[in-house]
Structure formats: structure tokens, C-alpha cells
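*Asks:* My structure is stored as run15.pdb, with PDB, C-alpha atoms, pLDDT in the B column.
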ATOM      1  CA  MET A  30      -9.564  -9.763  -1.133  1.00 78.00           C
ATOM      2  CA  PRO A  31     -12.346  -8.136   0.898  1.00 87.00           C
ATOM      3  CA  LEU A  32     -12.669  -4.379   1.478  1.00 95.00           C
ATOM      4  CA  ILE A  33     -10.631  -3.343  -1.576  1.00 95.00           C
ATOM      5  CA  ASP A  34     -11.542  -2.295  -5.112  1.00 95.00           C
ATOM      6  CA  ARG A  35      -8.916  -1.483  -7.729  1.00 92.00           C
ATOM      7  CA  ARG A  36      -8.093  -1.136 -11.359  1.00 93.00           C
ATOM      8  CA  ARG A  37      -4.634  -1.191 -12.874  1.00 93.00           C
ATOM      9  CA  VAL A  38      -2.926   0.201 -15.931  1.00 93.00           C
ATOM     10  CA  ILE A  39       0.322  -1.602 -16.700  1.00 93.00           C
ATOM     11  CA  GLY A  40       2.867   0.051 -18.981  1.00 94.00           C
ATOM     12  CA  GLU A  41       6.383  -0.855 -20.002  1.00 95.00           C
ATOM     13  CA  HIS A  42       8.088   1.034 -17.128  1.00 95.00           C
ATOM     14  CA  LEU A  43       5.300   1.928 -14.685  1.00 95.00           C
ATOM     15  CA  MET A  44       2.137   0.464 -13.210  1.00 95.00           C
ATOM     16  CA  VAL A  45      -0.649   2.686 -11.858  1.00 95.00           C
ATOM     17  CA  SER A  46      -3.284   1.250  -9.540  1.00 94.00           C
ATOM     18  CA  GLU A  47      -6.398   3.194  -8.640  1.00 96.00           C
ATOM     19  CA  VAL A  48      -7.392   1.750  -5.277  1.00 96.00           C
ATOM     20  CA  ARG A  49     -10.365   2.218  -2.953  1.00 98.00           C
ATOM     21  CA  LEU A  50      -9.810   0.833   0.522  1.00 97.00           C
ATOM     22  CA  HIS A  51     -12.935   0.444   2.595  1.00 98.00           C
ATOM     23  CA  LYS A  52     -12.724   1.252   6.309  1.00 98.00           C
ATOM     24  CA  GLY A  53     -11.214  -1.683   8.162  1.00 97.00           C
ATOM     25  CA  PHE A  54      -9.149  -3.019   5.238  1.00 97.00           C
ATOM     26  CA  CYS A  55      -5.985  -4.622   6.666  1.00 96.00           C
ATOM     27  CA  LEU A  56      -2.941  -5.756   4.730  1.00 94.00           C
ATOM     28  CA  ALA A  57      -0.299  -7.764   6.588  1.00 94.00           C
ATOM     29  CA  SER A  58       3.336  -6.749   6.389  1.00 95.00           C
ATOM     30  CA  HIS A  59       4.910  -7.696   3.070  1.00 94.00           C
ATOM     31  CA  HIS A  60       7.561  -6.450   0.672  1.00 93.00           C
ATOM     32  CA  HIS A  61       8.207  -6.448  -3.062  1.00 93.00           C
ATOM     33  CA  ALA A  62      10.957  -5.533  -5.494  1.00 93.00           C
ATOM     34  CA  ASN A  63       8.948  -2.597  -6.890  1.00 94.00           C
ATOM     35  CA  GLU A  64       9.485   0.978  -5.748  1.00 96.00           C
ATOM     36  CA  GLN A  65       6.033   2.235  -4.694  1.00 97.00           C
ATOM     37  CA  PHE A  66       4.582   5.729  -4.383  1.00 97.00           C
ATOM     38  CA  VAL A  67       1.333   5.795  -2.388  1.00 98.00           C
ATOM     39  CA  ILE A  68      -0.656   8.952  -3.205  1.00 98.00           C
ATOM     40  CA  VAL A  69      -3.595   9.364  -0.821  1.00 98.00           C
ATOM     41  CA  VAL A  70      -6.303  11.199  -2.762  1.00 98.00           C
ATOM     42  CA  SER A  71      -8.836  11.090   0.081  1.00 98.00           C
ATOM     43  CA  GLY A  72      -9.150   9.343   3.410  1.00 98.00           C
ATOM     44  CA  ARG A  73      -6.581   8.137   5.920  1.00 98.00           C
ATOM     45  CA  CYS A  74      -4.476   4.996   6.434  1.00 98.00           C
ATOM     46  CA  ARG A  75      -2.038   3.697   9.030  1.00 98.00           C
ATOM     47  CA  PHE A  76       1.144   2.225   7.542  1.00 98.00           C
ATOM     48  CA  GLY A  77       3.690   0.101   9.356  1.00 98.00           C
ATOM     49  CA  ILE A  78       7.115   0.631   7.770  1.00 98.00           C
ATOM     50  CA  GLY A  79      10.105  -1.664   8.339  1.00 97.00           C
ATOM     51  CA  ALA A  80      10.261  -5.143   9.785  1.00 95.00           C
ATOM     52  CA  GLU A  81       7.812  -5.559  12.663  1.00 93.00           C
ATOM     53  CA  GLY A  82       9.456  -6.175  16.030  1.00 93.00           C
ATOM     54  CA  THR A  83      12.686  -4.380  15.041  1.00 95.00           C
ATOM     55  CA  GLN A  84      14.114  -1.035  16.078  1.00 95.00           C
ATOM     56  CA  ASP A  85      13.611   0.207  12.499  1.00 94.00           C
ATOM     57  CA  HIS A  86       9.820  -0.335  12.542  1.00 97.00           C
ATOM     58  CA  ARG A  87       7.694   2.818  12.635  1.00 98.00           C
ATOM     59  CA  VAL A  88       4.022   3.672  12.208  1.00 98.00           C
ATOM     60  CA  LEU A  89       2.822   6.533   9.995  1.00 98.00           C
ATOM     61  CA  ILE A  90      -0.639   7.976   9.426  1.00 98.00           C
ATOM     62  CA  VAL A  91      -0.941   9.057   5.778  1.00 98.00           C
ATOM     63  CA  GLU A  92      -3.822  11.380   4.923  1.00 98.00           C
ATOM     64  CA  SER A  93      -5.464  13.047   1.949  1.00 98.00           C
ATOM     65  CA  GLY A  94      -2.919  14.994  -0.110  1.00 98.00           C
ATOM     66  CA  GLN A  95       0.125  13.149   1.257  1.00 98.00           C
ATOM     67  CA  VAL A  96       2.518  10.832  -0.574  1.00 98.00           C
ATOM     68  CA  LEU A  97       4.373   7.889   0.953  1.00 98.00           C
ATOM     69  CA  VAL A  98       7.477   6.633  -0.891  1.00 98.00           C
ATOM     70  CA  LEU A  99       8.325   2.966  -0.287  1.00 97.00           C
ATOM     71  CA  PRO A 100      11.742   1.878  -1.582  1.00 97.00           C
ATOM     72  CA  PRO A 101      12.092  -1.630  -3.039  1.00 96.00           C
ATOM     73  CA  ASN A 102      12.021  -4.531  -0.552  1.00 96.00           C
ATOM     74  CA  VAL A 103      11.021  -2.431   2.493  1.00 97.00           C
ATOM     75  CA  PRO A 104       8.445  -4.322   4.579  1.00 97.00           C
ATOM     76  CA  HIS A 105       5.162  -2.435   4.989  1.00 97.00           C
ATOM     77  CA  SER A 106       1.591  -2.986   6.150  1.00 97.00           C
ATOM     78  CA  CYS A 107      -1.587  -0.928   5.806  1.00 97.00           C
ATOM     79  CA  VAL A 108      -4.858  -0.397   7.669  1.00 98.00           C
ATOM     80  CA  ALA A 109      -7.607   1.842   6.240  1.00 98.00           C
ATOM     81  CA  LEU A 110      -8.810   4.055   9.092  1.00 98.00           C
ATOM     82  CA  GLU A 111     -11.664   5.327   6.912  1.00 98.00           C
ATOM     83  CA  GLU A 112     -12.850   5.033   3.313  1.00 98.00           C
ATOM     84  CA  THR A 113      -9.662   5.859   1.370  1.00 98.00           C
ATOM     85  CA  GLN A 114      -8.889   6.534  -2.297  1.00 98.00           C
ATOM     86  CA  ILE A 115      -5.271   5.901  -3.322  1.00 98.00           C
ATOM     87  CA  LEU A 116      -3.195   6.060  -6.482  1.00 97.00           C
ATOM     88  CA  ASP A 117      -0.343   3.546  -6.247  1.00 96.00           C
ATOM     89  CA  LEU A 118       2.576   3.940  -8.653  1.00 96.00           C
ATOM     90  CA  PHE A 119       4.883   0.934  -9.041  1.00 96.00           C
ATOM     91  CA  SER A 120       8.176   0.721 -10.896  1.00 96.00           C
ATOM     92  CA  PRO A 121       9.021  -1.568 -12.455  1.00 95.00           C
ATOM     93  CA  PRO A 122       5.544  -2.842 -13.304  1.00 91.00           C
ATOM     94  CA  SER A 123       4.625  -6.414 -12.427  1.00 81.00           C
ATOM     95  CA  ALA A 124       1.581  -8.614 -12.700  1.00 73.00           C
ATOM     96  CA  GLY A 125       1.516  -8.990  -8.926  1.00 67.00           C
ATOM     97  CA  THR A 126       2.112  -6.614  -6.036  1.00 63.00           C
ATOM     98  CA  GLY A 127       1.902  -6.891  -2.268  1.00 56.00           C
ATOM     99  CA  VAL A 128      -1.903  -6.985  -2.327  1.00 64.00           C
ATOM    100  CA  ASP A 129      -1.754  -9.957  -4.680  1.00 60.00           C
ATOM    101  CA  SER A 130       0.641 -11.994  -2.567  1.00 52.00           C
ATOM    102  CA  ALA A 131       0.001 -10.865   1.017  1.00 52.00           C
ATOM    103  CA  VAL A 132      -2.373 -12.553   3.397  1.00 46.00           C
ATOM    104  CA  PRO A 133      -5.083 -10.266   4.811  1.00 45.00           C
ATOM    105  CA  SER A 134      -4.549  -9.288   8.436  1.00 47.00           C
ATOM    106  CA  ASN A 135      -6.998  -8.712  11.263  1.00 45.00           C
ATOM    107  CA  SER A 136      -4.951  -5.982  13.005  1.00 43.00           C
TER     108      SER A 136
END
Reformat the file's structure so that it appears as C-alpha cells.
*Replies:*
Amino acid sequence: MPLIDRRRVIGEHLMVSEVRLHKGFCLASHHHANEQFVIVVSGRCRFGIGAEGTQDHRVLIVESGQVLVLPPNVPHSCVALEETQILDLFSPPSAGTGVDSAVPSNS
């Protein structure tokens, strides 16, 4: 997938992904059974949370030092507004996550 670099450590109960999103990276809305903590180390991203086109959908800007908690199966999308370093924590661990199964977006 273009505009993303990552490395993962997969344990028995937790998966940690060190992720660098290059400015302009876009990930279409998707969901997964994992609970996800998005820790923004540096940079800034725009997240869409909830099903697009519904009353529950909202947009959040998450910046350096902030943490976004995504419960299991909640639809979410992401756009890197600038070069961004993230630590993603997933529980339970899995070989694939949203980045692995989602189709890149142009939004």
C-alpha cells in the first residue's frame, strides 16, 4: 500500500504496529474485530468514526500526544494530514488488520 511504512510485533494477546503515514495517505472506511488504540507520536491525522452517511458518523483530528480508542467493529477511516508516526495497539492480535484488508481511498 503506498504512503505507509510499518513494522509489527505480534504477541499472544497484543499486536503492536509502528506505523509511518506519509502526507496524503488515505485509508477507506473499514472495521475489524480487534480493539485498537491509535497513539499519535508525531504528526496529525483526520479520522472518520462510525458508518459514513449516518447520524453517528463524526470526524476527529488526532494530533501528536493524543490517543484514539477504537472499539471492536466500529467503522473508521484515516487521512494523514502531514507526515505522521503512530503506534497502533491491537487486541486480540491478528495477522491482518484494516490496513491489510481495506482498499486505499482517494479522499
*Asks:* How would you write as a ChimeraX atom specification the residues that get within 8 Å of (-9.0, 3.9, 1.3) in the file's frame, counting all atoms listed in the file?
*Replies:* /A:33,48-52,54,69,71-74,109-115
*Asks:* So what does the PyMOL selection byres ((chain A and resi 65) around 7) actually pick up in this one, as JSON, numbers by chain?
*Replies:* {"A": [63, 64, 66, 67, 98, 99, 100, 117, 118, 119, 120]}
*Asks:* Output the selection as a PDB file, in the frame of the given file - C-alpha atoms for each residue.
*Replies:*
ATOM      1  CA  ASN A  63       8.948  -2.597  -6.890  1.00 94.00           C
ATOM      2  CA  GLU A  64       9.485   0.978  -5.748  1.00 96.00           C
ATOM      3  CA  PHE A  66       4.582   5.729  -4.383  1.00 97.00           C
ATOM      4  CA  VAL A  67       1.333   5.795  -2.388  1.00 98.00           C
ATOM      5  CA  VAL A  98       7.477   6.633  -0.891  1.00 98.00           C
ATOM      6  CA  LEU A  99       8.325   2.966  -0.287  1.00 97.00           C
ATOM      7  CA  PRO A 100      11.742   1.878  -1.582  1.00 97.00           C
ATOM      8  CA  ASP A 117      -0.343   3.546  -6.247  1.00 96.00           C
ATOM      9  CA  LEU A 118       2.576   3.940  -8.653  1.00 96.00           C
ATOM     10  CA  PHE A 119       4.883   0.934  -9.041  1.00 96.00           C
ATOM     11  CA  SER A 120       8.176   0.721 -10.896  1.00 96.00           C
TER      12      SER A 120
END
*Asks:* Spell out the residues picked by the PyMOL selection byres ((chain A and resi 36) around 10) here, as a PDB file with C-alpha atoms, keeping the file's coordinate frame.
*Replies:*
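File written: expr_13.pdb
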ATOM      1  CA  ASP A  34     -11.542  -2.295  -5.112  1.00 95.00           C
ATOM      2  CA  ARG A  35      -8.916  -1.483  -7.729  1.00 92.00           C
ATOM      3  CA  ARG A  37      -4.634  -1.191 -12.874  1.00 93.00           C
ATOM      4  CA  VAL A  38      -2.926   0.201 -15.931  1.00 93.00           C
ATOM      5  CA  ILE A  39       0.322  -1.602 -16.700  1.00 93.00           C
ATOM      6  CA  VAL A  45      -0.649   2.686 -11.858  1.00 95.00           C
ATOM      7  CA  SER A  46      -3.284   1.250  -9.540  1.00 94.00           C
ATOM      8  CA  GLU A  47      -6.398   3.194  -8.640  1.00 96.00           C
ATOM      9  CA  VAL A  48      -7.392   1.750  -5.277  1.00 96.00           C
ATOM     10  CA  ARG A  49     -10.365   2.218  -2.953  1.00 98.00           C
ATOM     11  CA  LEU A 116      -3.195   6.060  -6.482  1.00 97.00           C
TER      12      LEU A 116
END
*Asks:* Give me, please, the distance in Å between atom CA of A:Leu32 and atom CA of A:Gly79, quoted to one decimal.
*Replies:* 23.9 Å
*Asks:* How many Å separate atom CA of A:Ser93 from atom CA of A:His59?
*Replies:* 23.2 Å
*Asks:* As a list in words, please: the residues near A:Pro122 (cut-off 7 Å, all atoms listed in the file, same-chain neighbours under 5 positions excluded).
*Replies:*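 In the requested form, the answer reads Ile39, Gly40, His42, Leu43 and Met44 of chain A.
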*Asks:* Please measure the separation of atom CA of A:Val108 and atom CA of A:Ala80, giving the value in Å to one decimal.
*Replies:*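 A separation of 16.0 Å between them.
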*Asks:* Hey, what comes out of the PyMOL selection byres ((chain A and resi 104) around 12) on this file? Could you write it as a ChimeraX atom specification?
*Replies:* /A:56-65,76-83,85-88,99-103,105-107,127,131
